[in-house]
$ cat query_2.csv   # CSV, C-alpha atoms
chain,number,residue,atom,x,y,z
A,125,MET,CA,0.0,0.0,0.0
A,126,ASP,CA,1.3,3.5,-0.9
A,127,LEU,CA,0.7,5.6,2.2
A,128,GLY,CA,1.2,8.8,0.3
A,129,LEU,CA,4.1,10.1,2.4
A,130,GLN,CA,6.6,10.8,-0.4
A,131,ASP,CA,8.4,14.1,0.3
A,132,LYS,CA,6.1,14.9,3.3
A,133,VAL,CA,8.1,16.6,6.0
A,134,VAL,CA,7.8,15.0,9.4
A,135,LEU,CA,8.9,16.2,12.8
A,136,VAL,CA,9.5,13.5,15.4
A,137,THR,CA,10.1,14.9,18.9
A,138,GLY,CA,12.6,12.8,20.9
A,139,GLY,CA,13.5,11.1,17.7
A,140,SER,CA,17.1,10.3,18.3
A,141,ARG,CA,16.8,7.1,20.3
A,142,GLY,CA,14.5,4.1,21.1
A,143,LEU,CA,11.0,4.1,19.5
A,144,GLY,CA,11.5,7.6,18.2
A,145,ALA,CA,14.5,6.5,16.1
A,146,VAL,CA,12.6,3.6,14.6
A,147,ILE,CA,9.7,5.9,13.8
A,148,CYS,CA,12.1,8.2,12.0
A,149,ARG,CA,13.6,5.4,9.9
A,150,MET,CA,10.1,4.0,9.0
A,151,PHE,CA,8.9,7.4,7.8
A,152,ALA,CA,12.1,7.7,5.7
A,153,ALA,CA,11.5,4.3,4.2
A,154,GLU,CA,8.1,5.6,3.0
A,155,GLY,CA,9.8,8.5,1.2
A,156,ALA,CA,9.2,11.2,3.8
A,157,ARG,CA,11.8,13.8,4.9
A,158,VAL,CA,12.4,13.6,8.6
A,159,GLY,CA,13.3,16.1,11.3
A,160,VAL,CA,15.1,14.1,14.1
A,161,ASN,CA,14.5,16.3,17.2
A,162,TYR,CA,16.8,15.8,20.2
A,163,CYS,CA,17.5,17.4,23.5
A,164,ARG,CA,20.8,15.9,24.7
A,165,SER,CA,21.5,13.1,22.2
A,166,ARG,CA,23.2,15.1,19.5
A,167,ALA,CA,25.6,12.3,18.4
A,168,GLU,CA,22.7,9.8,18.0
A,169,ALA,CA,20.5,12.3,16.1
A,170,GLU,CA,23.3,13.2,13.7
A,171,ALA,CA,24.2,9.6,13.1
A,172,LEU,CA,20.5,8.7,12.5
A,173,ALA,CA,20.0,11.6,10.1
A,174,GLY,CA,23.3,10.9,8.3
A,175,GLY,CA,22.2,7.2,7.9
A,176,ILE,CA,18.9,8.3,6.3
A,177,GLY,CA,20.8,10.7,3.9
A,178,SER,CA,21.5,14.3,3.1
A,179,GLY,CA,18.4,16.2,2.2
A,180,ARG,CA,16.1,13.4,3.5
A,181,ALA,CA,16.7,13.9,7.3
A,182,ALA,CA,18.1,16.6,9.6
A,183,PRO,CA,19.0,16.6,13.3
A,184,ILE,CA,16.9,19.3,15.0
A,185,PRO,CA,18.0,20.4,18.5
A,186,GLY,CA,15.5,21.7,21.1
A,187,ASP,CA,14.0,20.8,24.4
A,188,ILE,CA,10.3,20.2,23.9
A,189,GLY,CA,9.8,21.0,27.6
A,190,ARG,CA,11.1,24.6,27.2
A,191,GLU,CA,8.6,27.1,25.9
A,192,ALA,CA,11.4,29.1,24.2
A,193,ASP,CA,12.5,26.2,22.1
A,194,ILE,CA,9.2,25.3,20.4
A,195,ALA,CA,9.1,27.8,17.6
A,196,ALA,CA,12.8,27.4,17.0
A,197,ILE,CA,12.4,23.7,16.4
A,198,PHE,CA,9.9,24.3,13.6
A,199,ASP,CA,12.0,27.1,12.2
A,200,ARG,CA,15.1,24.9,12.0
A,201,LEU,CA,13.3,22.1,10.3
A,202,GLU,CA,11.6,24.4,7.8
A,203,GLN,CA,15.0,25.9,6.9
A,204,ALA,CA,16.5,22.4,6.5
A,205,LEU,CA,13.7,20.4,4.8
A,206,GLY,CA,10.7,22.6,4.3
A,207,PRO,CA,7.3,23.2,6.0
A,208,VAL,CA,6.1,20.5,8.3
A,209,ASP,CA,3.2,18.2,7.3
A,210,VAL,CA,3.3,15.7,10.2
A,211,LEU,CA,4.0,16.1,13.9
A,212,VAL,CA,4.8,13.0,16.0
A,213,ASN,CA,4.8,13.9,19.7
A,214,ASN,CA,7.1,11.2,21.0
A,215,ALA,CA,9.4,13.0,23.5
A,216,ALA,CA,8.7,11.9,27.0
A,217,HIS,CA,10.0,12.0,30.5
A,218,CYS,CA,9.4,9.0,32.8
A,219,PRO,CA,10.7,9.3,36.5
A,220,GLY,CA,10.7,6.2,38.7
A,221,GLY,CA,8.8,5.7,41.9
A,222,PRO,CA,7.6,4.7,44.4
A,223,LEU,CA,5.0,7.2,45.4
A,224,GLU,CA,6.8,8.7,48.4
A,225,LYS,CA,9.9,9.4,46.4
A,226,TYR,CA,8.3,11.7,43.8
A,227,THR,CA,9.0,15.4,44.2
A,228,ARG,CA,6.8,18.3,42.9
A,229,ALA,CA,9.7,19.2,40.6
A,230,GLU,CA,9.7,15.8,39.0
A,231,TRP,CA,5.9,15.8,38.6
A,232,GLU,CA,6.0,19.3,37.0
A,233,HIS,CA,8.9,18.4,34.7
A,234,THR,CA,7.0,15.3,33.5
A,235,PHE,CA,3.9,17.3,32.6
A,236,ALA,CA,6.1,20.0,31.1
A,237,VAL,CA,7.5,17.6,28.6
A,238,ASN,CA,4.7,15.0,28.1
A,239,VAL,CA,1.7,17.3,28.1
A,240,THR,CA,2.6,21.0,27.9
A,241,GLY,CA,5.4,20.3,25.4
A,242,ALA,CA,3.1,18.2,23.2
A,243,PHE,CA,0.4,20.8,23.4
A,244,ARG,CA,2.7,23.7,22.5
A,245,ALA,CA,4.2,21.7,19.6
A,246,ALA,CA,0.8,20.9,18.3
A,247,GLN,CA,-0.3,24.6,18.7
A,248,GLU,CA,2.7,25.9,16.9
A,249,PHE,CA,2.2,23.3,14.1
A,250,ILE,CA,-1.5,24.1,13.7
A,251,LEU,CA,-0.9,27.8,13.5
A,252,ARG,CA,1.7,27.2,10.7
A,253,LEU,CA,-0.7,24.9,8.8
A,254,ARG,CA,-3.4,27.5,9.0
A,255,ALA,CA,-1.1,30.1,7.6
A,256,ARG,CA,-0.4,27.8,4.6
A,257,ARG,CA,-4.1,26.6,4.5
A,258,ALA,CA,-2.7,23.1,4.5
A,259,PRO,CA,-3.9,19.8,5.9
A,260,GLY,CA,-1.8,18.1,8.6
A,261,TRP,CA,-1.4,15.0,10.8
A,262,ILE,CA,-0.6,14.8,14.5
A,263,VAL,CA,0.2,11.5,16.2
A,264,ASN,CA,0.6,11.5,20.0
A,265,ILE,CA,2.6,8.7,21.6
A,266,ALA,CA,0.6,7.7,24.7
A,267,SER,CA,0.7,4.5,26.7
A,268,THR,CA,-1.5,1.7,28.0
A,269,SER,CA,-0.4,3.0,31.4
A,270,ALA,CA,-2.8,5.9,30.8
A,271,PHE,CA,-5.6,3.4,31.3
A,272,LEU,CA,-4.1,0.7,33.5
A,273,GLY,CA,-1.3,2.5,35.5
A,274,SER,CA,2.2,1.0,35.8
A,275,THR,CA,2.9,-2.0,38.0
A,276,SER,CA,6.5,-0.7,38.4
A,277,GLY,CA,5.4,2.7,39.8
A,278,HIS,CA,5.5,5.6,37.3
A,279,LEU,CA,2.6,7.7,38.6
A,280,PRO,CA,3.6,11.1,37.0
A,281,TYR,CA,4.2,9.4,33.6
A,282,ASP,CA,0.9,7.5,33.8
A,283,ALA,CA,-1.1,10.6,34.7
A,284,SER,CA,0.6,12.6,31.9
A,285,LYS,CA,-0.3,10.0,29.3
A,286,GLY,CA,-3.9,10.1,30.4
A,287,ALA,CA,-3.9,13.9,29.9
A,288,LEU,CA,-2.3,13.4,26.5
A,289,ILE,CA,-5.1,11.1,25.4
A,290,SER,CA,-7.7,13.6,26.6
A,291,MET,CA,-5.9,16.4,24.7
A,292,THR,CA,-5.9,14.2,21.6
A,293,HIS,CA,-9.7,14.0,21.7
A,294,ALA,CA,-10.3,17.7,22.4
A,295,LEU,CA,-7.8,18.9,19.7
A,296,ALA,CA,-9.2,16.5,17.1
A,297,ARG,CA,-12.7,17.9,17.6
A,298,GLU,CA,-11.5,21.5,17.3
A,299,VAL,CA,-9.4,21.2,14.1
A,300,ALA,CA,-11.2,18.3,12.2
A,301,ARG,CA,-12.9,20.6,9.7
A,302,GLU,CA,-9.6,22.2,8.8
A,303,GLY,CA,-8.3,18.9,7.4
A,304,ILE,CA,-6.0,18.3,10.4
A,305,HIS,CA,-6.1,14.8,11.8
A,306,VAL,CA,-5.1,14.1,15.5
A,307,ASN,CA,-4.7,10.6,16.8
A,308,SER,CA,-2.8,8.8,19.4
A,309,VAL,CA,-1.1,5.4,19.9
A,310,ALA,CA,-1.1,3.5,23.2
A,311,PRO,CA,1.8,1.0,23.2
A,312,GLY,CA,2.3,-1.6,25.8
A,313,MET,CA,5.9,-2.6,26.7
A,314,VAL,CA,8.2,-2.1,23.7
A,315,LEU,CA,11.7,-3.6,23.6
A,316,THR,CA,13.9,-0.6,23.6
A,317,GLU,CA,17.2,0.1,25.4
A,318,MET,CA,15.1,2.0,28.0
A,319,VAL,CA,13.1,-1.0,29.1
A,320,ALA,CA,15.5,-3.9,28.3
A,321,LYS,CA,16.9,-4.2,31.9
A,322,VAL,CA,13.5,-4.2,33.7
A,323,TRP,CA,12.1,-6.5,31.1
A,324,GLU,CA,14.8,-9.1,31.7
A,325,ALA,CA,14.3,-8.7,35.5
A,326,ARG,CA,10.5,-9.2,35.5
A,327,LYS,CA,9.9,-11.0,32.2
A,328,GLU,CA,7.6,-13.8,33.4
A,329,GLN,CA,5.5,-11.3,35.4
A,330,TYR,CA,5.0,-9.1,32.3
A,331,LEU,CA,4.4,-12.0,29.9
A,332,ALA,CA,1.6,-13.4,32.2
A,333,ARG,CA,-0.3,-10.1,31.5
A,334,ILE,CA,0.1,-10.0,27.7
A,335,PRO,CA,-2.3,-12.2,25.7
A,336,LEU,CA,0.1,-12.5,22.8
A,337,HIS,CA,2.7,-13.5,25.4
A,338,ARG,CA,5.6,-11.4,24.1
A,339,ILE,CA,6.9,-7.9,24.1
A,340,ALA,CA,6.5,-5.6,21.2
A,341,GLN,CA,9.3,-4.8,18.8
A,342,PRO,CA,9.6,-1.0,18.1
A,343,GLU,CA,8.8,-1.6,14.4
A,344,GLU,CA,5.4,-3.0,15.3
A,345,VAL,CA,4.4,0.3,17.0
A,346,ALA,CA,6.1,2.5,14.4
A,347,ARG,CA,4.1,1.0,11.6
A,348,VAL,CA,0.9,2.1,13.3
A,349,VAL,CA,2.3,5.6,13.9
A,350,VAL,CA,3.2,6.0,10.2
A,351,PHE,CA,-0.2,4.7,9.1
A,352,LEU,CA,-2.0,7.2,11.3
A,353,ALA,CA,0.2,10.0,10.0
A,354,SER,CA,-0.7,9.3,6.4
A,355,PRO,CA,-3.6,10.0,4.0
A,356,ALA,CA,-4.3,6.2,4.2
A,357,ALA,CA,-5.9,7.0,7.6
A,358,SER,CA,-8.1,9.7,6.1
A,359,TYR,CA,-11.3,8.8,8.0
A,360,MET,CA,-9.6,8.6,11.4
A,361,THR,CA,-9.3,11.4,14.0
A,362,GLY,CA,-9.6,11.5,17.7
A,363,ALA,CA,-8.7,7.8,17.9
A,364,THR,CA,-6.4,6.1,20.4
A,365,VAL,CA,-5.0,2.9,18.9
A,366,ASP,CA,-4.1,0.1,21.3
A,367,VAL,CA,-0.8,-1.6,20.3
A,368,SER,CA,-0.3,-3.7,23.4
A,369,GLY,CA,-0.4,-7.4,22.4
A,370,GLY,CA,-3.9,-7.5,23.8
A,371,LEU,CA,-3.0,-6.2,27.3
A,372,LEU,CA,-5.4,-3.3,27.0
A,373,MET,CA,-8.1,-4.4,24.5
A,374,HIS,CA,-9.3,-0.9,24.4

$ encode --input "query_2.csv" --output "structure tokens"
Amino acid sequence: MDLGLQDKVVLVTGGSRGLGAVICRMFAAEGARVGVNYCRSRAEAEALAGGIGSGRAAPIPGDIGREADIAAIFDRLEQALGPVDVLVNNAAHCPGGPLEKYTRAEWEHTFAVNVTGAFRAAQEFILRLRARRAPGWIVNIASTSAFLGSTSGHLPYDASKGALISMTHALAREVAREGIHVNSVAPGMVLTEMVAKVWEARKEQYLARIPLHRIAQPEEVARVVVFLASPAASYMTGATVDVSGGLLMH
């Protein structure tokens, strides 16, 4: 199936590592041009963009949790590859618990990145689409923990992902008639470097909860993201797609 992404410009926040990096590669494989946003992982972002190819990808610095960086991220990508057609809100912060160890600063930073940063990126993107009178696609990376909570104790993260899903619904209703599609993906556990250690330590416990009895590979989630960000998903907006091996069945 041709997803219609040839030469579309895609911004993937937090795109230098883990699931974000796989999403970037998959968009590039569909012919899109990709902005690999990063905050601290400059070497990884440059290597990823270089591997995709000159003129097809660009490393884009900027902290999605800092208000002052949002417009600059879009400006840099427009200068490098052109106006943005697709925004993937993938950047996230996930502090560890338990409950009594969380500080207000950790809570606020988690929401600054996972919710406020995603909102400001979406707001900036939509204002630029309106100026061009162009359609657009937003995909928010949520989590099954928004519905179920985390067994390993990540309360601020879980709460922020619930807020992100609510924001997806509200934003989709507001901009639907402008040809702007807003959807989210709720992955379960995905085998990235971030979760590999905890997965090995508690594998049997996790497997017992997953009907398909295995962890997701990043490519399995990335395929859904790319589909939702394409004209192939033309009659979808405000949806949250469960990619959890049956854990959520939402």

$ closest_residue --input "query_2.csv" --among "A:Leu372, A:Ala346, A:Ala216, A:Ala196" --to "A:Ser269" --atoms "all atoms listed in the file"
A:Leu372

$ residues_around --input "query_2.csv" --residues "stretch 319-321 of chain A" --least-positions-apart "4" --cutoff "12 Å" --atoms "only C-alpha atoms" --output "list in words"
Gly142, Leu143, Cys218, Ser276, Gly312, Met313, Val314, Leu315, Ala325, Arg326, Lys327, Tyr330, Ile339, Ala340, Gln341 and Pro342 of chain A

$ closest_residue --input "query_2.csv" --among "A:Pro207, A:Leu279, A:Ala195, A:Trp261" --to "A:Pro219" --atoms "all atoms listed in the file"
A:Leu279

$ closest_residue --input "query_2.csv" --among "A:Glu248, A:Asn307, A:Met150, A:Val133" --to "A:Glu344" --atoms "all atoms listed in the file"
A:Met150

$ closest_residue --input "query_2.csv" --among "A:Val299, A:Leu272, A:Ile289, A:Val210" --to "A:Leu371" --atoms "all atoms listed in the file"
A:Leu272

$ atom_distance --input "query_2.csv" --atom1 "atom CA of A:Ala357" --atom2 "atom CA of A:Ile176"
24.9 Å

$ atom_distance --input "query_2.csv" --atom1 "atom CA of A:Thr137" --atom2 "atom CA of A:Thr275"
26.5 Å

$ residues_near_point --input "query_2.csv" --point "(-11.8, 16.0, 14.3)" --cutoff "10 Å" --atoms "only C-alpha atoms" --output "short mmCIF file (atom, residue, chain, number, x, y, z; two decimals) with C-alpha atoms, keeping the file's coordinate frame"
data_model
loop_
_atom_site.label_atom_id
_atom_site.label_comp_id
_atom_site.auth_asym_id
_atom_site.auth_seq_id
_atom_site.Cartn_x
_atom_site.Cartn_y
_atom_site.Cartn_z
CA THR A 292 -5.90 14.20 21.60
CA HIS A 293 -9.70 14.00 21.70
CA ALA A 294 -10.30 17.70 22.40
CA LEU A 295 -7.80 18.90 19.70
CA ALA A 296 -9.20 16.50 17.10
CA ARG A 297 -12.70 17.90 17.60
CA GLU A 298 -11.50 21.50 17.30
CA VAL A 299 -9.40 21.20 14.10
CA ALA A 300 -11.20 18.30 12.20
CA ARG A 301 -12.90 20.60 9.70
CA GLU A 302 -9.60 22.20 8.80
CA GLY A 303 -8.30 18.90 7.40
CA ILE A 304 -6.00 18.30 10.40
CA HIS A 305 -6.10 14.80 11.80
CA VAL A 306 -5.10 14.10 15.50
CA ASN A 307 -4.70 10.60 16.80
CA TYR A 359 -11.30 8.80 8.00
CA MET A 360 -9.60 8.60 11.40
CA THR A 361 -9.30 11.40 14.00
CA GLY A 362 -9.60 11.50 17.70
CA ALA A 363 -8.70 7.80 17.90
#

$ closest_residue --input "query_2.csv" --among "A:Ser354, A:Ile334, A:Glu230, A:Ile188" --to "A:Asp131" --atoms "all atoms listed in the file"
A:Ser354

$ atom_distance --input "query_2.csv" --atom1 "atom CA of A:Ala173" --atom2 "atom CA of A:Arg149"
8.9 Å

$ residues_around --input "query_2.csv" --residues "A:Ser178" --least-positions-apart "5" --cutoff "12 Å" --atoms "all atoms listed in the file" --output "PyMOL selection string"
chain A and resi 152+157-159+170-173+183+204-205

$ closest_residue --input "query_2.csv" --among "A:Pro311, A:Val237, A:Gln329, A:Trp323" --to "A:Gly370" --atoms "only C-alpha atoms"
A:Pro311

$ residues_around --input "query_2.csv" --residues "A:Gly206" --least-positions-apart "5" --cutoff "12 Å" --atoms "all atoms listed in the file" --output "JSON, numbers by chain"
{"A": [131, 132, 133, 134, 135, 156, 157, 158, 159, 179, 180, 181, 182, 198, 199, 200, 201, 252]}

$ residues_around --input "query_2.csv" --residues "A:Ser267" --least-positions-apart "5" --cutoff "10 Å" --atoms "all atoms listed in the file" --output "PyMOL selection string"
chain A and resi 272-274+281-282+284-286+288-289+308-313+364-368+372

$ closest_atom_pairs --input "query_2.csv" --of "stretch 336-364 of chain A" --to "stretch 263-266 of chain A" --cutoff "9 Å" --atoms "all atoms listed in the file" --output "CSV"
residue,atom,partner,partner_atom,distance
A:Val349,CA,A:Val263,CA,6.7
A:Val350,CA,A:Val263,CA,8.7
A:Leu352,CA,A:Val263,CA,6.9
A:Ala353,CA,A:Val263,CA,6.4
A:Thr364,CA,A:Ala266,CA,8.4

$ build_atoms --input "query_2.csv" --residues "stretch 344-366 of chain A" --atoms "N, CA and C atoms" --output "mmCIF file, in the coordinates of the input"
data_model
loop_
_atom_site.group_PDB
_atom_site.id
_atom_site.type_symbol
_atom_site.label_atom_id
_atom_site.label_comp_id
_atom_site.auth_asym_id
_atom_site.auth_seq_id
_atom_site.Cartn_x
_atom_site.Cartn_y
_atom_site.Cartn_z
ATOM 1 N N GLU A 344 6.806 -2.668 15.303
ATOM 2 C CA GLU A 344 5.400 -3.000 15.300
ATOM 3 C C GLU A 344 4.548 -1.779 15.758
ATOM 4 N N VAL A 345 5.101 -0.954 16.613
ATOM 5 C CA VAL A 345 4.400 0.300 17.000
ATOM 6 C C VAL A 345 4.626 1.360 15.951
ATOM 7 N N ALA A 346 5.824 1.446 15.421
ATOM 8 C CA ALA A 346 6.100 2.500 14.400
ATOM 9 C C ALA A 346 5.253 2.357 13.187
ATOM 10 N N ARG A 347 4.927 1.137 12.779
ATOM 11 C CA ARG A 347 4.100 1.000 11.600
ATOM 12 C C ARG A 347 2.698 1.614 11.813
ATOM 13 N N VAL A 348 2.159 1.502 13.017
ATOM 14 C CA VAL A 348 0.900 2.100 13.300
ATOM 15 C C VAL A 348 0.963 3.614 13.319
ATOM 16 N N VAL A 349 2.046 4.141 13.880
ATOM 17 C CA VAL A 349 2.300 5.600 13.900
ATOM 18 C C VAL A 349 2.316 6.135 12.476
ATOM 19 N N VAL A 350 3.088 5.496 11.623
ATOM 20 C CA VAL A 350 3.200 6.000 10.200
ATOM 21 C C VAL A 350 1.907 5.902 9.501
ATOM 22 N N PHE A 351 1.156 4.844 9.697
ATOM 23 C CA PHE A 351 -0.200 4.700 9.100
ATOM 24 C C PHE A 351 -1.069 5.891 9.515
ATOM 25 N N LEU A 352 -1.138 6.167 10.810
ATOM 26 C CA LEU A 352 -2.000 7.200 11.300
ATOM 27 C C LEU A 352 -1.581 8.606 10.836
ATOM 28 N N ALA A 353 -0.331 8.751 10.460
ATOM 29 C CA ALA A 353 0.200 10.000 10.000
ATOM 30 C C ALA A 353 0.095 10.186 8.486
ATOM 31 N N SER A 354 -0.677 9.322 7.843
ATOM 32 C CA SER A 354 -0.700 9.300 6.400
ATOM 33 C C SER A 354 -2.144 9.501 5.867
ATOM 34 N N PRO A 355 -2.269 9.882 4.596
ATOM 35 C CA PRO A 355 -3.600 10.000 4.000
ATOM 36 C C PRO A 355 -4.343 8.637 3.963
ATOM 37 N N ALA A 356 -3.652 7.520 4.152
ATOM 38 C CA ALA A 356 -4.300 6.200 4.200
ATOM 39 C C ALA A 356 -5.272 6.123 5.394
ATOM 40 N N ALA A 357 -5.044 6.953 6.435
ATOM 41 C CA ALA A 357 -5.900 7.000 7.600
ATOM 42 C C ALA A 357 -6.860 8.185 7.531
ATOM 43 N N SER A 358 -7.358 8.456 6.342
ATOM 44 C CA SER A 358 -8.100 9.700 6.100
ATOM 45 C C SER A 358 -9.420 9.822 6.837
ATOM 46 N N TYR A 359 -9.986 8.704 7.318
ATOM 47 C CA TYR A 359 -11.300 8.800 8.000
ATOM 48 C C TYR A 359 -11.066 8.502 9.529
ATOM 49 N N MET A 360 -9.870 8.774 10.019
ATOM 50 C CA MET A 360 -9.600 8.600 11.400
ATOM 51 C C MET A 360 -9.130 9.893 12.056
ATOM 52 N N THR A 361 -9.774 10.305 13.123
ATOM 53 C CA THR A 361 -9.300 11.400 14.000
ATOM 54 C C THR A 361 -9.889 11.244 15.342
ATOM 55 N N GLY A 362 -9.134 11.663 16.340
ATOM 56 C CA GLY A 362 -9.600 11.500 17.700
ATOM 57 C C GLY A 362 -9.477 10.096 18.248
ATOM 58 N N ALA A 363 -8.814 9.213 17.512
ATOM 59 C CA ALA A 363 -8.700 7.800 17.900
ATOM 60 C C ALA A 363 -7.466 7.559 18.753
ATOM 61 N N THR A 364 -7.574 6.605 19.663
ATOM 62 C CA THR A 364 -6.400 6.100 20.400
ATOM 63 C C THR A 364 -6.292 4.615 20.042
ATOM 64 N N VAL A 365 -5.220 4.251 19.370
ATOM 65 C CA VAL A 365 -5.000 2.900 18.900
ATOM 66 C C VAL A 365 -4.195 2.090 19.857
ATOM 67 N N ASP A 366 -4.750 0.989 20.339
ATOM 68 C CA ASP A 366 -4.100 0.100 21.300
ATOM 69 C C ASP A 366 -3.107 -0.794 20.514
#
